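Here's the structure we're looking at; comments come further down.
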Amino acid sequence: MQTPATRPAPLSIPDLRAAVGCRVIGPDDTDYDEARRVFLGDVDPHPAAIVRVASADDVAAVVRFARENGVDLAVRSGGHSNAGQSSVEGGLVLDVRDLKAIDIDPAASTVWAEAGLTAARLTEATVAHGLAVGFGDTGSVGISGITLGGGVGYMVRKHGLTIDSLLAAEIVTADGLLRRVDADHEPDLFWAIRGGGGNFGVATRFLYRLHDVREVVGGMLILPATSEVIQGFIASAEAAPEELSAIANIMPAPPMAFLPEEHHGKLVVFALMTHIGDLEAGQRAIAPFRALATPLVDMLRPIAYSEMYPPEDPDYAPAPVQRTMFLERIDRAAATTIVEFLEASDASLRAAQLRVLGGAMARVPADATAFAHRSSRIMAVLVNFYDKTPEDHARRQAWVDEFAAAMDQGDDGAYVNFLVNEGEARVRAAYPGTTWDRLAEIKARYDPTNLFRHCQNVPPAHA
Ligand SMILES: Cc1cc2nc3c(=O)[nH]c(=O)nc-3n(C[C@H](O)[C@H](O)[C@H](O)COP(=O)(O)OP(=O)(O)OC[C@H]3O[C@@H](n4cnc5c(N)ncnc54)[C@H](O)[C@@H]3O)c2cc1C
């Protein structure tokens, strides 16, 4: 929240251009509209300027300028913030998209990856060496945002969250210093950036441990979504070996060319899954899913891991209303609730997304990183699209709220990267108990004036 004491100052573009050595894009530039665009179709701020940084020195110069001039600052990487926090009305966007260097060490199975890369671009590069780090389900998501919030994807049960493969990072803090953080250097800050989001500075690059992905069975499986199949799918995912991670989207079937027309619009389990390891074991692991019902589409096969990130439509700009939550179980009653809510809605897209957790992710102690939900069993996102009018937003929000209340099983935690603008109580839900206190204390040390507040903000402890 802005207070009078922290109200941002107007930004002078000539002063900014004089202070930084890289491209500054203002409202008078022809590419301003393209440069200010983010992923979500209902997020449309007009920043005073966007700085396309080309180096860590540029990042430091922009951070110093913003601090010294009291400018409202947002940090942008892949632009997929669910809360629209990678831009800021009338403020300054520090855009890291042009930081794209990749330095793979195949012998050590590590990669230094610059902060402007997307999950798809980095994965494509590392898979060429038979190696990868796990990000999420969408290739266009930036490695920065997903890593700093945790990272739940196709390797979550086998190798944990993205942050569980993060060995080090370089980050420019509010004082303008570029710091290396890892287990031995500034360990508190290293703890905080593994789940604490954009609160602590601007990451310029990340060092990841890479995993062997030479043998992967994966792809898409579409099943008819009865409550029995939904329950069976989750039970199978929980019983599966840890090599297998599955994301089940229960939703009306989109009109896809490869899906027979009579199924379009009918509820399906649209599953994306990977088994990382021996190919025959992979086929055995997916057999129980295939046996739940006659698949409507079965594209599970040996793949290159990078195929999990197919090309995307650059003009896709969804306007979702959504809520994230953790669940303990999907029994028949929960599965029936899912079917009933999805059938009762007429939103152009509506879905319950379920991810079975556990495995390597759950073996990391809850206080080892700022992502504390290590024992949660299932991550859910309930989502529907709205038509960008306030009336429709209210209607779709009511559906999400009622759906979430009906699904509630007593775990009031939240995954920070799936939060929208839900207020401080929900940010606290992402950082339960002592996690919040420790983050706030580290924030006070590294960002006492809350320069980095355009994020799921943890204010400094003394504020
Ligand atoms: C379609 C879609 C699919 C998704 N799928 C998954 C998924 O499968 N698993 C999952 O875990 N998450 C998923 N997410 C959530 C995603 O991880 C977050 O939205 C993430 O913040 C996006 O990162 P970004 O770099 O693209 O976003 P941006 O909007 O560029 O950044 C988001 C925030 O991260 C911070 N930030 C970005 N770059 C930096 C930096 N270099 N230094 C410091 N702070 C920075 C800023 O606070 C910024 O507001 C998905 C989101 C979308 C929209």
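Chains: A, B, ... in order of the structure tokens. Residues: from 1 per chain. Ligands: from 1, in order shown.
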Which residues form the shell of 7 Å around ligand 1 when you count only C-alpha atoms and all ligand atoms, given as JSON, numbers by chain? {"A": [39, 74, 75, 76, 77, 78, 79, 80, 81, 82, 84, 85, 86, 96, 115, 116, 135, 136, 137, 138, 140, 141, 142, 143, 144, 145, 146, 148, 149, 150, 151, 152, 153, 197, 198, 199, 201, 202, 203, 204, 417, 418, 454, 455]}
Choose the residue, out of A:Ala281, A:Leu92, A:Ile303, A:Leu177, that has the smallest atom-to-atom separation from Leu244 in chain A; count only C-alpha atoms.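 Closest to Leu244 in chain A, using only C-alpha atoms: A:Ala281.
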Closest of A:Leu292, A:Asp182, A:Val297, A:Gln353 to Asn249 in chain A, counting only C-alpha atoms, is A:Gln353
Just list as a ChimeraX atom specification whatever in range 90-216 of chain A DSSP marks as strand (DSSP E). /A:92-95,102-105,110-114,131-132,166-172,178-182,202-209,211-212,216
Using the chain letters and numbers from this document, which residues of range 392-425 of chain A does DSSP assign to alpha helix (DSSP H), as a ChimeraX atom specification? /A:392-407,424-425
Between CA of Lys158 in chain A and CA of Leu210 in chain A, what is the spacing in Å?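 That distance, rounded to one decimal, is 12.5 Å.
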Give the answer as one residue: which of A:Phe190, A:Phe341, A:Phe200, A:Phe233 has the shortest atom-to-atom distance to Thr449 in chain A, using only C-alpha atoms?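 Of all the options, A:Phe200 lies closest to Thr449 in chain A.
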Excluding same-chain residues fewer than 6 positions from range 364-366 of chain A, what lies within 12 Å of it counting only C-alpha atoms, as a tab-separated table (two decimals) with N, CA, C and O atoms, in the first residue's frame?
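Saved result, around.tsv, follows:
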chain	number	residue	atom	x	y	z
A	156	VAL	N	8.39	-31.88	-10.34
A	156	VAL	CA	8.26	-31.54	-8.92
A	156	VAL	C	8.43	-32.74	-8.01
A	156	VAL	O	9.03	-32.64	-6.94
A	157	ARG	N	7.94	-33.90	-8.42
A	157	ARG	CA	8.04	-35.07	-7.52
A	157	ARG	C	9.42	-35.73	-7.64
A	157	ARG	O	9.93	-36.29	-6.68
A	159	HIS	N	12.42	-34.10	-8.74
A	159	HIS	CA	13.55	-33.23	-8.37
A	159	HIS	C	13.13	-32.03	-7.52
A	159	HIS	O	13.95	-31.16	-7.25
A	160	GLY	N	11.87	-31.95	-7.13
A	160	GLY	CA	11.43	-30.86	-6.26
A	160	GLY	C	11.03	-29.62	-7.05
A	160	GLY	O	10.82	-29.65	-8.26
A	161	LEU	N	10.95	-28.52	-6.32
A	161	LEU	CA	10.63	-27.23	-6.93
A	161	LEU	C	11.83	-26.71	-7.73
A	161	LEU	O	12.97	-27.20	-7.54
A	163	ILE	N	13.35	-24.03	-7.13
A	163	ILE	CA	14.33	-23.53	-6.15
A	163	ILE	C	15.15	-24.65	-5.51
A	163	ILE	O	16.23	-24.39	-4.98
A	164	ASP	N	14.66	-25.87	-5.59
A	164	ASP	CA	15.44	-26.97	-5.02
A	164	ASP	C	16.62	-27.33	-5.91
A	164	ASP	O	17.50	-28.11	-5.52
A	165	SER	N	16.63	-26.79	-7.12
A	165	SER	CA	17.76	-26.97	-8.02
A	165	SER	C	18.55	-25.67	-8.18
A	165	SER	O	19.42	-25.57	-9.05
A	191	TRP	N	18.25	-17.83	1.24
A	191	TRP	CA	17.01	-18.47	1.76
A	191	TRP	C	15.79	-17.68	1.27
A	191	TRP	O	14.82	-18.25	0.78
A	194	ARG	N	14.52	-17.88	-2.38
A	194	ARG	CA	13.96	-19.18	-2.79
A	194	ARG	C	12.52	-19.27	-2.27
A	194	ARG	O	12.23	-19.96	-1.31
A	195	GLY	N	11.65	-18.51	-2.91
A	195	GLY	CA	10.23	-18.50	-2.55
A	195	GLY	C	9.71	-17.12	-2.22
A	195	GLY	O	8.51	-16.88	-2.29
A	358	GLY	N	4.32	-33.84	-3.31
A	358	GLY	CA	5.01	-34.94	-2.64
A	358	GLY	C	6.37	-35.22	-3.26
A	358	GLY	O	6.95	-34.39	-3.96
A	372	ALA	N	7.19	-22.65	2.09
A	372	ALA	CA	7.04	-23.45	3.31
A	372	ALA	C	6.00	-24.58	3.19
A	372	ALA	O	5.82	-25.34	4.14
A	373	HIS	N	5.37	-24.71	2.04
A	373	HIS	CA	4.24	-25.65	1.94
A	373	HIS	C	4.71	-27.04	1.52
A	373	HIS	O	4.15	-27.65	0.60
A	374	ARG	N	5.72	-27.53	2.19
A	374	ARG	CA	6.35	-28.77	1.74
A	374	ARG	C	5.49	-30.00	1.97
A	374	ARG	O	5.65	-31.01	1.31
A	375	SER	N	4.60	-29.93	2.96
A	375	SER	CA	3.80	-31.12	3.24
A	375	SER	C	2.43	-31.09	2.57
A	375	SER	O	1.65	-32.02	2.72
A	376	SER	N	2.12	-30.00	1.88
A	376	SER	CA	0.83	-29.95	1.18
A	376	SER	C	0.83	-31.00	0.07
A	376	SER	O	1.83	-31.21	-0.60
A	431	TYR	N	3.22	-17.27	3.09
A	431	TYR	CA	4.41	-17.31	3.96
A	431	TYR	C	3.98	-17.53	5.40
A	431	TYR	O	4.07	-16.62	6.23
A	432	PRO	N	3.51	-18.73	5.72
A	432	PRO	CA	2.90	-18.94	7.04
A	432	PRO	C	3.91	-18.86	8.19
A	432	PRO	O	5.10	-19.13	8.01
A	433	GLY	N	3.39	-18.45	9.34
A	433	GLY	CA	4.14	-18.52	10.60
A	433	GLY	C	5.46	-17.77	10.56
A	433	GLY	O	5.53	-16.61	10.15
A	434	THR	N	6.52	-18.47	10.95
A	434	THR	CA	7.82	-17.82	11.07
A	434	THR	C	8.42	-17.45	9.71
A	434	THR	O	9.36	-16.66	9.64
A	435	THR	N	7.90	-18.03	8.64
A	435	THR	CA	8.42	-17.68	7.31
A	435	THR	C	8.23	-16.18	7.05
A	435	THR	O	9.15	-15.49	6.61
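Reported to one decimal place, the separation of CA of Arg52 in chain A from CA of Val20 in chain A is 10.1 Å.
Across A:Ser348, A:Leu342, A:Ala335, A:Gly218, the tightest approach to Ala285 in chain A is made by A:Gly218 when counting only C-alpha atoms.
Closest approach to Val416 in chain A among A:Ala287, A:Ala128, A:Leu296, A:Ala83: A:Ala83, based on only C-alpha atoms.
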Give me, as a list in words, all polymer residues having an atom no more than 12 Å from Leu16 in chain A, counting only C-alpha atoms and skipping those fewer than 6 positions away in the same chain. Pro10, Cys22, Arg23, Val24, Ile25, Gly26, Ala48, Ala49, Ile50, Val51, Asp58, Ala61, Val62, Val63, Arg64, Phe65, Ala66, Glu68, Asn69, Val71, Gly91, Leu92, Val93 and Leu94 of chain A
Counting only C-alpha atoms, the option among A:Ile276, A:Pro320, A:Tyr446, A:Ala394 closest to Arg179 in chain A: A:Tyr446
What does the distance from CA of Phe206 in chain A to CA of Val127 in chain A come to in Å, to one decimal? 17.4 Å
